[in-house]
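**Q** My structure is in start17.pdb, and what it holds is PDB, C-alpha atoms and all ligand atoms:
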MODEL        1
ATOM      1  CA  MET A  59     -53.483 -15.833 -37.550  1.00  0.00           C
ATOM      2  CA  PRO A  60     -53.071 -12.416 -35.907  1.00  0.00           C
ATOM      3  CA  ARG A  61     -49.516 -11.102 -35.789  1.00  0.00           C
ATOM      4  CA  HIS A  62     -48.747  -9.295 -32.574  1.00  0.00           C
ATOM      5  CA  PRO A  63     -46.550  -6.272 -33.003  1.00  0.00           C
ATOM      6  CA  GLY A  64     -43.019  -6.722 -31.607  1.00  0.00           C
ATOM      7  CA  THR A  65     -42.936 -10.501 -32.107  1.00  0.00           C
ATOM      8  CA  ARG A  66     -40.955 -12.507 -34.657  1.00  0.00           C
ATOM      9  CA  ALA A  67     -44.156 -13.481 -36.468  1.00  0.00           C
ATOM     10  CA  SER A  68     -44.868  -9.837 -37.227  1.00  0.00           C
ATOM     11  CA  GLN A  69     -41.546  -9.442 -39.093  1.00  0.00           C
ATOM     12  CA  PRO A  70     -41.921  -9.445 -42.875  1.00  0.00           C
ATOM     13  CA  SER A  71     -40.584 -12.676 -44.370  1.00  0.00           C
ATOM     14  CA  THR A  72     -37.937 -12.453 -47.047  1.00  0.00           C
ATOM     15  CA  SER A  73     -36.417 -14.929 -49.499  1.00  0.00           C
ATOM     16  CA  HIS A  74     -33.215 -12.977 -50.114  1.00  0.00           C
ATOM     17  CA  GLY A  75     -30.975 -10.702 -48.104  1.00  0.00           C
ATOM     18  CA  ILE A  76     -30.862 -10.548 -44.347  1.00  0.00           C
ATOM     19  CA  GLY A  77     -34.345  -9.177 -43.853  1.00  0.00           C
ATOM     20  CA  GLN A  78     -35.275  -6.820 -41.101  1.00  0.00           C
ATOM     21  CA  HIS A  79     -33.324  -6.809 -37.867  1.00  0.00           C
ATOM     22  CA  PHE A  80     -35.394  -8.069 -34.975  1.00  0.00           C
ATOM     23  CA  THR A  81     -34.842  -6.520 -31.566  1.00  0.00           C
ATOM     24  CA  SER A  82     -36.296  -7.546 -28.254  1.00  0.00           C
ATOM     25  CA  PRO A  83     -38.774  -5.037 -26.879  1.00  0.00           C
ATOM     26  CA  ARG A  84     -37.410  -2.940 -24.013  1.00  0.00           C
ATOM     27  CA  ARG A  85     -39.013  -3.702 -20.739  1.00  0.00           C
ATOM     28  CA  ALA A  86     -40.011  -0.723 -18.692  1.00  0.00           C
ATOM     29  CA  ARG A  87     -38.275  -0.692 -15.300  1.00  0.00           C
ATOM     30  CA  THR A  88     -39.820   0.721 -12.187  1.00  0.00           C
ATOM     31  CA  ARG A  89     -38.137   3.843 -10.848  1.00  0.00           C
ATOM     32  CA  LEU A  90     -38.357   2.438  -7.358  1.00  0.00           C
ATOM     33  CA  LYS A  91     -35.921  -0.331  -8.284  1.00  0.00           C
ATOM     34  CA  SER A  92     -33.447   1.773 -10.195  1.00  0.00           C
ATOM     35  CA  SER A  93     -33.332   4.727  -7.815  1.00  0.00           C
ATOM     36  CA  THR A  94     -33.191   2.963  -4.443  1.00  0.00           C
ATOM     37  CA  PRO A  95     -29.616   2.629  -3.119  1.00  0.00           C
ATOM     38  CA  VAL A  96     -28.666  -0.947  -2.323  1.00  0.00           C
ATOM     39  CA  ILE A  97     -27.828  -1.662   1.299  1.00  0.00           C
ATOM     40  CA  ILE A  98     -25.451  -4.599   1.551  1.00  0.00           C
ATOM     41  CA  PRO A  99     -26.604  -6.723   4.489  1.00  0.00           C
ATOM     42  CA  GLY A 100     -24.091  -7.102   7.280  1.00  0.00           C
ATOM     43  CA  ARG A 101     -21.716  -4.439   6.002  1.00  0.00           C
ATOM     44  CA  ALA A 102     -22.228  -2.038   8.907  1.00  0.00           C
ATOM     45  CA  ARG A 103     -21.750  -4.853  11.402  1.00  0.00           C
ATOM     46  CA  LYS A 104     -18.582  -5.987   9.635  1.00  0.00           C
ATOM     47  CA  ARG A 105     -17.160  -2.468   9.732  1.00  0.00           C
ATOM     48  CA  GLU A 106     -18.044  -2.152  13.413  1.00  0.00           C
ATOM     49  CA  LEU A 107     -16.301  -5.444  14.206  1.00  0.00           C
ATOM     50  CA  LEU A 108     -13.188  -4.395  12.279  1.00  0.00           C
ATOM     51  CA  LEU A 109     -13.081  -1.032  14.077  1.00  0.00           C
ATOM     52  CA  ASN A 110     -13.437  -2.793  17.437  1.00  0.00           C
ATOM     53  CA  ARG A 111     -10.634  -5.152  16.510  1.00  0.00           C
ATOM     54  CA  LEU A 112      -8.427  -2.251  15.463  1.00  0.00           C
ATOM     55  CA  GLN A 113      -9.186  -0.486  18.719  1.00  0.00           C
ATOM     56  CA  THR A 114      -8.273  -3.630  20.671  1.00  0.00           C
ATOM     57  CA  LEU A 115      -5.008  -3.984  18.769  1.00  0.00           C
ATOM     58  CA  LEU A 116      -4.137  -0.337  19.325  1.00  0.00           C
ATOM     59  CA  SER A 117      -4.963  -0.424  23.013  1.00  0.00           C
ATOM     60  CA  GLN A 118      -2.916  -3.546  23.638  1.00  0.00           C
ATOM     61  CA  ARG A 119       0.485  -2.817  25.065  1.00  0.00           C
ATOM     62  CA  GLY A 120       1.966  -6.084  23.945  1.00  0.00           C
ATOM     63  CA  PRO A 121       5.643  -6.902  23.913  1.00  0.00           C
ATOM     64  CA  ASN A 122       7.631  -5.007  21.340  1.00  0.00           C
ATOM     65  CA  PRO A 123       8.584  -7.550  18.652  1.00  0.00           C
ATOM     66  CA  LEU A 124      11.835  -5.705  18.100  1.00  0.00           C
ATOM     67  CA  HIS A 125      12.814  -5.909  21.727  1.00  0.00           C
ATOM     68  CA  HIS A 126      14.912  -8.929  22.544  1.00  0.00           C
ATOM     69  CA  PRO A 127      14.805  -9.797  26.233  1.00  0.00           C
ATOM     70  CA  ARG A 128      18.199 -11.508  25.988  1.00  0.00           C
ATOM     71  CA  THR A 129      20.716  -9.277  27.727  1.00  0.00           C
ATOM     72  CA  PRO A 130      23.709  -8.596  25.545  1.00  0.00           C
ATOM     73  CA  SER A 131      26.947 -10.151  26.627  1.00  0.00           C
ATOM     74  CA  PRO A 132      29.695  -7.735  27.697  1.00  0.00           C
ATOM     75  CA  SER A 133      31.579  -8.379  24.463  1.00  0.00           C
ATOM     76  CA  LEU A 134      28.574  -7.182  22.424  1.00  0.00           C
ATOM     77  CA  ALA A 135      27.762  -4.204  24.586  1.00  0.00           C
ATOM     78  CA  VAL A 136      31.001  -2.472  23.664  1.00  0.00           C
ATOM     79  CA  GLY A 137      31.949  -1.753  20.073  1.00  0.00           C
ATOM     80  CA  THR A 138      34.200  -4.720  19.397  1.00  0.00           C
ATOM     81  CA  GLU A 139      35.351  -5.855  16.001  1.00  0.00           C
ATOM     82  CA  GLN A 140      32.803  -8.669  15.981  1.00  0.00           C
ATOM     83  CA  ASP A 141      30.076  -6.189  16.747  1.00  0.00           C
ATOM     84  CA  GLN A 142      31.073  -3.908  13.921  1.00  0.00           C
ATOM     85  CA  THR A 143      30.529  -6.598  11.315  1.00  0.00           C
ATOM     86  CA  VAL A 144      27.348  -8.189  12.623  1.00  0.00           C
ATOM     87  CA  ASP A 145      24.804  -5.477  11.889  1.00  0.00           C
ATOM     88  CA  THR A 146      25.966  -4.481   8.441  1.00  0.00           C
ATOM     89  CA  PHE A 147      22.976  -6.152   6.817  1.00  0.00           C
ATOM     90  CA  SER A 148      20.355  -4.751   9.148  1.00  0.00           C
ATOM     91  CA  ALA A 149      21.891  -1.274   8.770  1.00  0.00           C
ATOM     92  CA  ASP A 150      21.422  -1.539   5.017  1.00  0.00           C
ATOM     93  CA  PHE A 151      18.062  -3.232   5.252  1.00  0.00           C
ATOM     94  CA  ASP A 152      16.435  -0.733   7.597  1.00  0.00           C
ATOM     95  CA  GLY A 153      15.775   1.486   4.640  1.00  0.00           C
ATOM     96  CA  ALA A 154      17.826   4.156   6.370  1.00  0.00           C
ATOM     97  CA  ASP A 155      15.212   6.763   5.507  1.00  0.00           C
ATOM     98  CA  ASP A 156      14.808   7.790   9.078  1.00  0.00           C
ATOM     99  CA  HIS A 157      18.472   7.644   9.912  1.00  0.00           C
ATOM    100  CA  ALA A 158      19.288  10.910   8.214  1.00  0.00           C
ATOM    101  CA  ASN A 159      19.209  12.772  11.499  1.00  0.00           C
ATOM    102  CA  ILE A 160      21.547  10.338  13.230  1.00  0.00           C
ATOM    103  CA  GLU A 161      25.171  11.315  13.185  1.00  0.00           C
ATOM    104  CA  VAL A 162      27.317   8.329  12.331  1.00  0.00           C
ATOM    105  CA  VAL A 163      31.078   8.518  12.562  1.00  0.00           C
ATOM    106  CA  PRO A 164      32.326   6.733   9.424  1.00  0.00           C
ATOM    107  CA  ASP A 165      35.267   4.942  11.091  1.00  0.00           C
ATOM    108  CA  GLN A 166      33.203   3.656  14.017  1.00  0.00           C
ATOM    109  CA  PRO A 167      29.870   2.110  12.993  1.00  0.00           C
ATOM    110  CA  PRO A 168      27.231   2.250  15.724  1.00  0.00           C
ATOM    111  CA  SER A 169      27.145  -0.698  18.028  1.00  0.00           C
ATOM    112  CA  ARG A 170      24.281  -3.197  18.265  1.00  0.00           C
ATOM    113  CA  PRO A 171      22.358  -1.527  21.154  1.00  0.00           C
ATOM    114  CA  VAL A 172      22.145   1.704  19.136  1.00  0.00           C
ATOM    115  CA  HIS A 173      20.637  -0.198  16.226  1.00  0.00           C
ATOM    116  CA  ARG A 174      18.137  -1.852  18.525  1.00  0.00           C
ATOM    117  CA  ASN A 175      17.098   1.587  19.718  1.00  0.00           C
ATOM    118  CA  ILE A 176      16.724   2.818  16.152  1.00  0.00           C
ATOM    119  CA  GLN A 177      14.538  -0.167  15.254  1.00  0.00           C
ATOM    120  CA  ALA A 178      12.430   0.261  18.383  1.00  0.00           C
ATOM    121  CA  ASN A 179      12.029   3.981  17.699  1.00  0.00           C
ATOM    122  CA  GLN A 180      10.979   3.311  14.133  1.00  0.00           C
ATOM    123  CA  TYR A 181       8.504   0.680  15.284  1.00  0.00           C
ATOM    124  CA  GLN A 182       6.951   3.142  17.740  1.00  0.00           C
ATOM    125  CA  LYS A 183       6.805   5.822  15.034  1.00  0.00           C
ATOM    126  CA  TRP A 184       4.961   3.461  12.676  1.00  0.00           C
ATOM    127  CA  ARG A 185       2.553   2.539  15.480  1.00  0.00           C
ATOM    128  CA  SER A 186       1.679   6.175  16.043  1.00  0.00           C
ATOM    129  CA  THR A 187       1.624   7.067  12.328  1.00  0.00           C
ATOM    130  CA  ILE A 188      -0.531   4.247  10.924  1.00  0.00           C
ATOM    131  CA  PRO A 189      -3.783   5.260  12.740  1.00  0.00           C
ATOM    132  CA  THR A 190      -3.508   8.783  11.278  1.00  0.00           C
ATOM    133  CA  LEU A 191      -3.394   7.303   7.760  1.00  0.00           C
ATOM    134  CA  ILE A 192      -6.633   5.313   7.895  1.00  0.00           C
ATOM    135  CA  GLU A 193      -8.969   8.208   7.105  1.00  0.00           C
ATOM    136  CA  PRO A 194      -6.888   9.558   4.183  1.00  0.00           C
ATOM    137  CA  TYR A 195      -6.524   6.024   2.837  1.00  0.00           C
ATOM    138  CA  LEU A 196     -10.279   5.344   2.919  1.00  0.00           C
ATOM    139  CA  ALA A 197     -10.903   8.744   1.313  1.00  0.00           C
ATOM    140  CA  TYR A 198      -8.377   7.941  -1.416  1.00  0.00           C
ATOM    141  CA  LEU A 199     -10.012   4.553  -2.101  1.00  0.00           C
ATOM    142  CA  GLU A 200     -13.438   6.159  -2.280  1.00  0.00           C
ATOM    143  CA  HIS A 201     -12.135   8.910  -4.556  1.00  0.00           C
ATOM    144  CA  THR A 202     -10.368   6.591  -7.015  1.00  0.00           C
ATOM    145  CA  LEU A 203     -12.639   3.532  -7.042  1.00  0.00           C
ATOM    146  CA  GLY A 204     -13.420   2.512 -10.625  1.00  0.00           C
ATOM    147  CA  LYS A 205     -11.435   5.386 -12.110  1.00  0.00           C
ATOM    148  CA  PRO A 206      -8.063   5.480 -13.835  1.00  0.00           C
ATOM    149  CA  VAL A 207      -5.215   6.633 -11.620  1.00  0.00           C
ATOM    150  CA  PRO A 208      -4.550  10.334 -12.247  1.00  0.00           C
ATOM    151  CA  PRO A 209      -1.028  11.325 -13.330  1.00  0.00           C
ATOM    152  CA  PRO A 210       1.147  12.404 -10.398  1.00  0.00           C
ATOM    153  CA  ALA A 211       1.570  16.105  -9.706  1.00  0.00           C
ATOM    154  CA  PRO A 212       5.174  17.327  -9.335  1.00  0.00           C
ATOM    155  CA  ILE A 213       4.294  19.339  -6.201  1.00  0.00           C
ATOM    156  CA  LEU A 214       1.958  17.898  -3.553  1.00  0.00           C
ATOM    157  CA  SER A 215       0.171  20.216  -1.151  1.00  0.00           C
ATOM    158  CA  ASN A 216      -3.215  20.122   0.572  1.00  0.00           C
ATOM    159  CA  CYS A 217      -3.041  22.842   3.204  1.00  0.00           C
ATOM    160  CA  GLN A 218      -6.463  24.296   4.090  1.00  0.00           C
ATOM    161  CA  MET A 219      -5.339  26.929   6.583  1.00  0.00           C
ATOM    162  CA  SER A 220      -2.360  28.573   4.836  1.00  0.00           C
ATOM    163  CA  CYS A 221       0.034  27.620   7.586  1.00  0.00           C
ATOM    164  CA  GLU A 222       3.792  27.416   7.312  1.00  0.00           C
ATOM    165  CA  THR A 223       4.844  24.553   5.036  1.00  0.00           C
ATOM    166  CA  LYS A 224       7.842  22.265   5.137  1.00  0.00           C
ATOM    167  CA  LYS A 225       9.318  21.221   1.813  1.00  0.00           C
ATOM    168  CA  THR A 226      10.431  17.612   1.358  1.00  0.00           C
ATOM    169  CA  GLU A 227      11.830  16.169  -1.842  1.00  0.00           C
ATOM    170  CA  LEU A 228      11.503  12.460  -2.451  1.00  0.00           C
ATOM    171  CA  VAL A 229      11.250   9.883  -5.207  1.00  0.00           C
ATOM    172  CA  ALA A 230       7.884   8.339  -6.062  1.00  0.00           C
ATOM    173  CA  LEU A 231       7.832   4.794  -7.451  1.00  0.00           C
ATOM    174  CA  TYR A 232       4.977   3.937  -9.816  1.00  0.00           C
ATOM    175  CA  TYR A 233       4.254   0.815 -11.908  1.00  0.00           C
ATOM    176  CA  ASP A 234       6.923   1.468 -14.501  1.00  0.00           C
ATOM    177  CA  TYR A 235       8.759   4.651 -13.632  1.00  0.00           C
ATOM    178  CA  PHE A 236      10.267   6.784 -10.892  1.00  0.00           C
ATOM    179  CA  GLN A 237       9.414  10.434 -10.482  1.00  0.00           C
ATOM    180  CA  PRO A 238      10.987  13.014  -8.186  1.00  0.00           C
ATOM    181  CA  ILE A 239       8.273  14.929  -6.346  1.00  0.00           C
ATOM    182  CA  CYS A 240       8.178  17.845  -3.937  1.00  0.00           C
ATOM    183  CA  VAL A 241       5.865  17.582  -0.917  1.00  0.00           C
ATOM    184  CA  LEU A 242       4.746  20.635   1.050  1.00  0.00           C
ATOM    185  CA  SER A 243       3.578  19.318   4.408  1.00  0.00           C
ATOM    186  CA  CYS A 244       2.279  21.532   7.214  1.00  0.00           C
ATOM    187  CA  GLN A 245       0.617  21.391  10.614  1.00  0.00           C
ATOM    188  CA  CYS A 246      -2.846  20.481   9.343  1.00  0.00           C
ATOM    189  CA  VAL A 247      -1.671  17.795   6.873  1.00  0.00           C
ATOM    190  CA  SER A 248       1.320  15.675   7.828  1.00  0.00           C
ATOM    191  CA  LEU A 249       3.770  14.349   5.254  1.00  0.00           C
ATOM    192  CA  PRO A 250       2.496  10.718   5.347  1.00  0.00           C
ATOM    193  CA  GLN A 251      -1.133  11.905   5.168  1.00  0.00           C
ATOM    194  CA  LEU A 252      -0.343  14.078   2.174  1.00  0.00           C
ATOM    195  CA  LEU A 253       1.382  11.180   0.430  1.00  0.00           C
ATOM    196  CA  ILE A 254      -1.583   8.867   1.065  1.00  0.00           C
ATOM    197  CA  HIS A 255      -3.935  11.572  -0.194  1.00  0.00           C
ATOM    198  CA  ASN A 256      -2.001  11.444  -3.474  1.00  0.00           C
ATOM    199  CA  GLY A 257      -1.885   7.647  -3.715  1.00  0.00           C
ATOM    200  CA  LEU A 258       1.628   7.104  -2.340  1.00  0.00           C
ATOM    201  CA  PHE A 259       2.788   5.175   0.723  1.00  0.00           C
ATOM    202  CA  PRO A 260       5.920   6.418   2.520  1.00  0.00           C
ATOM    203  CA  THR A 261       8.867   4.062   3.057  1.00  0.00           C
ATOM    204  CA  ALA A 262       9.534   5.549   6.508  1.00  0.00           C
ATOM    205  CA  PRO A 263       7.179   7.062   9.095  1.00  0.00           C
ATOM    206  CA  SER A 264       8.701  10.513   9.508  1.00  0.00           C
ATOM    207  CA  GLN A 265      11.495  11.243   7.028  1.00  0.00           C
ATOM    208  CA  PRO A 266      10.885   9.155   3.911  1.00  0.00           C
ATOM    209  CA  ARG A 267      13.093   9.532   0.868  1.00  0.00           C
ATOM    210  CA  MET A 268      10.888   7.300  -1.266  1.00  0.00           C
ATOM    211  CA  ALA A 269       7.177   6.633  -1.591  1.00  0.00           C
ATOM    212  CA  VAL A 270       5.518   3.727  -3.402  1.00  0.00           C
ATOM    213  CA  SER A 271       2.291   3.894  -5.371  1.00  0.00           C
ATOM    214  CA  ILE A 272      -0.647   2.395  -3.457  1.00  0.00           C
ATOM    215  CA  GLU A 273      -1.861   0.712  -6.658  1.00  0.00           C
ATOM    216  CA  LEU A 274       1.540  -0.935  -7.096  1.00  0.00           C
ATOM    217  CA  LEU A 275       1.461  -2.183  -3.499  1.00  0.00           C
ATOM    218  CA  ALA A 276      -2.092  -3.489  -3.963  1.00  0.00           C
ATOM    219  CA  PHE A 277      -1.045  -5.309  -7.143  1.00  0.00           C
ATOM    220  CA  TYR A 278       1.932  -6.800  -5.323  1.00  0.00           C
ATOM    221  CA  GLN A 279      -0.386  -7.964  -2.562  1.00  0.00           C
ATOM    222  CA  ALA A 280      -2.728  -9.594  -5.098  1.00  0.00           C
ATOM    223  CA  LEU A 281       0.269 -11.323  -6.725  1.00  0.00           C
ATOM    224  CA  PHE A 282       1.507 -12.461  -3.334  1.00  0.00           C
ATOM    225  CA  GLU A 283      -1.906 -13.893  -2.455  1.00  0.00           C
ATOM    226  CA  ARG A 284      -2.184 -15.812  -5.729  1.00  0.00           C
ATOM    227  CA  SER A 285       1.406 -16.926  -6.187  1.00  0.00           C
ATOM    228  CA  CYS A 286       1.817 -20.643  -5.629  1.00  0.00           C
ATOM    229  CA  ASP A 287       4.677 -22.326  -3.853  1.00  0.00           C
ATOM    230  CA  ALA A 288       7.542 -21.931  -6.302  1.00  0.00           C
ATOM    231  CA  VAL A 289       9.854 -24.593  -4.883  1.00  0.00           C
ATOM    232  CA  ASN A 290       9.722 -26.776  -8.006  1.00  0.00           C
ATOM    233  CA  ALA A 291      10.195 -23.769 -10.287  1.00  0.00           C
ATOM    234  CA  LEU A 292      13.150 -22.601  -8.198  1.00  0.00           C
ATOM    235  CA  ALA A 293      14.700 -26.086  -8.172  1.00  0.00           C
ATOM    236  CA  THR A 294      14.362 -26.451 -11.963  1.00  0.00           C
ATOM    237  CA  ALA A 295      15.681 -22.933 -12.540  1.00  0.00           C
ATOM    238  CA  LEU A 296      18.713 -23.635 -10.338  1.00  0.00           C
ATOM    239  CA  ASN A 297      19.255 -26.921 -12.190  1.00  0.00           C
ATOM    240  CA  SER A 298      19.229 -25.138 -15.590  1.00  0.00           C
ATOM    241  CA  HIS A 299      21.443 -22.369 -14.257  1.00  0.00           C
ATOM    242  CA  TYR A 300      24.122 -24.734 -12.935  1.00  0.00           C
ATOM    243  CA  SER A 301      23.849 -27.009 -16.006  1.00  0.00           C
ATOM    244  CA  ARG A 302      24.653 -24.041 -18.243  1.00  0.00           C
ATOM    245  CA  GLN A 303      27.641 -23.271 -16.054  1.00  0.00           C
ATOM    246  CA  GLY A 304      29.009 -26.782 -16.553  1.00  0.00           C
ATOM    247  CA  PHE A 305      28.234 -28.349 -13.201  1.00  0.00           C
TER     248      PHE A 305
HETATM  249 ZN    ZN B 401      -1.807  23.601   6.759  1.00  0.00          ZN
ENDMDL
END
In structure tokens, how does this file's structure come out?

**A**
Amino acid sequence: MPRHPGTRASQPSTSHGIGQHFTSPRRARTRLKSSTPVIIPGRARKRELLLNRLQTLLSQRGPNPLHHPRTPSPSLAVGTEQDQTVDTFSADFDGADDHANIEVVPDQPPSRPVHRNIQANQYQKWRSTIPTLIEPYLAYLEHTLGKPVPPPAPILSNCQMSCETKKTELVALYYDYFQPICVLSCQCVSLPQLLIHNGLFPTAPSQPRMAVSIELLAFYQALFERSCDAVNALATALNSHYSRQGF
């Protein structure tokens, strides 16, 4: 019986040891298949639809979600004692990054209408800032796809036209550490764009004091998407907690 080269029958038989290692013959691939870029069907159309939707959202002048049509009662319009205590939480929660330029007299906290204005201003600033971040964000994704995240540089700058720079110092939050960084923004690259270019998202639209790693935010989003309803876990945890405290 003829033994074809490359087949198992052509291997020399052995009664001891492991014999000769048999490998499958490599199949020659056509260059046409391996060198032609793959075009994912429907991708261009999907991108076009998303861009149209974004354009529609941006062009809509819908009601400001931070604007409450309810007119404030006279007791709230003036800085009464009740007013001074109500907005303590929202004042802390706003992040306060963009409030650095607002002069606040320590003994007289700003009244509720002022806070509404601050929130509305910040909302408008985010609305105008977000569209300028799309291109740098896509470029960052394209640049870092499938690669390990590079270590952060202590000084961030990407000026192409040697214009006058503005120095901003802030804290960058990564997976497991904080790092103070210095950002040199200028007319051609804004501060948020520069942060996005370096994989950081600002915590405020114009004067951030902190920036969070895009990878960390993406991981948080993935966790949020996959996390189940934790009501039972919370109930059991509360039960254990109060049991240990003797209730
Ligand atoms: Zn510049």

**Q** Using all atoms listed in the file, what does the table of chain A residues within 8 Å of ligand ZN 401 (chain B) look like, with each row giving the shortest atom pair and its distance in Å to one decimal, sorted by chain and ascending number, as CSV?

**A**
residue,atom,partner,partner_atom,distance
A:Asn216,CA,B:ZN401,ZN,7.2
A:Cys217,CA,B:ZN401,ZN,3.8
A:Gln218,CA,B:ZN401,ZN,5.4
A:Met219,CA,B:ZN401,ZN,4.9
A:Ser220,CA,B:ZN401,ZN,5.4
A:Cys221,CA,B:ZN401,ZN,4.5
A:Glu222,CA,B:ZN401,ZN,6.8
A:Thr223,CA,B:ZN401,ZN,6.9
A:Ser243,CA,B:ZN401,ZN,7.3
A:Cys244,CA,B:ZN401,ZN,4.6
A:Gln245,CA,B:ZN401,ZN,5.1
A:Cys246,CA,B:ZN401,ZN,4.2
A:Val247,CA,B:ZN401,ZN,5.8

**Q** Within 7 Å of (-5.0, 10.2, 2.2) (coordinates as in the file), grab all the protein and nucleic acid residues, counting only C-alpha atoms, and write them out as a list in words.

**A**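 Final list of nearby residues, as requested, is Leu191, Glu193, Pro194, Tyr195, Ala197, Tyr198, Gln251, Leu252, Leu253, Ile254, His255 and Asn256 of chain A.
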
**Q** Please compute the CA of Ile272 (chain A)-CA of Ser285 (chain A) distance, one decimal, in Å.

**A**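 Interatomic distance, CA of Ile272 (chain A) to CA of Ser285 (chain A): 19.6 Å.
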
**Q** At what distance in Å, to one decimal, does CA of Glu273 (chain A) lie from CA of Arg105 (chain A)?

**A**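 Pair CA of Arg105 (chain A) / CA of Glu273 (chain A) returns 22.6 Å.
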
**Q** If you measure from CA of Ser264 (chain A) to CA of Ser248 (chain A), what distance in Å do you get, rounded to one decimal?

**A**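 Interatomic distance here is 9.2 Å.
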
**Q** So that I can see what lies close to Pro250 (chain A), please list as a list of chain:residue names the residues with an atom at most 10 Å from it, counting all atoms listed in the file and leaving out residues fewer than 6 positions away in the same chain.

**A**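 In the requested form, the answer reads A:Thr187, A:Ile188, A:Thr190, A:Leu191, A:Pro194, A:Val241, A:Ser243, A:Asn256, A:Leu258, A:Phe259, A:Pro260, A:Thr261, A:Ala262, A:Pro263, A:Ser264, A:Gln265, A:Pro266, A:Ala269.
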
**Q** Name the residues that the PyMOL selection byres (((chain A and resi 212) around 9) and not hetatm) pulls out of this structure, and write them as a list in words.

**A** Pro210, Ala211, Ile213, Leu214, Gln237, Pro238, Ile239, Cys240 and Val241 of chain A

**Q** Would you list the residues near (-3.2, 7.0, -17.6), meaning any protein, DNA or RNA residue with an atom at most 12 Å from that point in file coordinates, counting only C-alpha atoms, as an NGL selection string?

**A** :A and (205-210 or 232-234)

**Q** Could you write out the selected residues, including C-alpha atoms, as an mmCIF file, in the coordinates of the input?

**A**
data_model
loop_
_atom_site.group_PDB
_atom_site.id
_atom_site.type_symbol
_atom_site.label_atom_id
_atom_site.label_comp_id
_atom_site.auth_asym_id
_atom_site.auth_seq_id
_atom_site.Cartn_x
_atom_site.Cartn_y
_atom_site.Cartn_z
ATOM 1 C CA LYS A 205 -11.435 5.386 -12.110
ATOM 2 C CA PRO A 206 -8.063 5.480 -13.835
ATOM 3 C CA VAL A 207 -5.215 6.633 -11.620
ATOM 4 C CA PRO A 208 -4.550 10.334 -12.247
ATOM 5 C CA PRO A 209 -1.028 11.325 -13.330
ATOM 6 C CA PRO A 210 1.147 12.404 -10.398
ATOM 7 C CA TYR A 232 4.977 3.937 -9.816
ATOM 8 C CA TYR A 233 4.254 0.815 -11.908
ATOM 9 C CA ASP A 234 6.923 1.468 -14.501
#
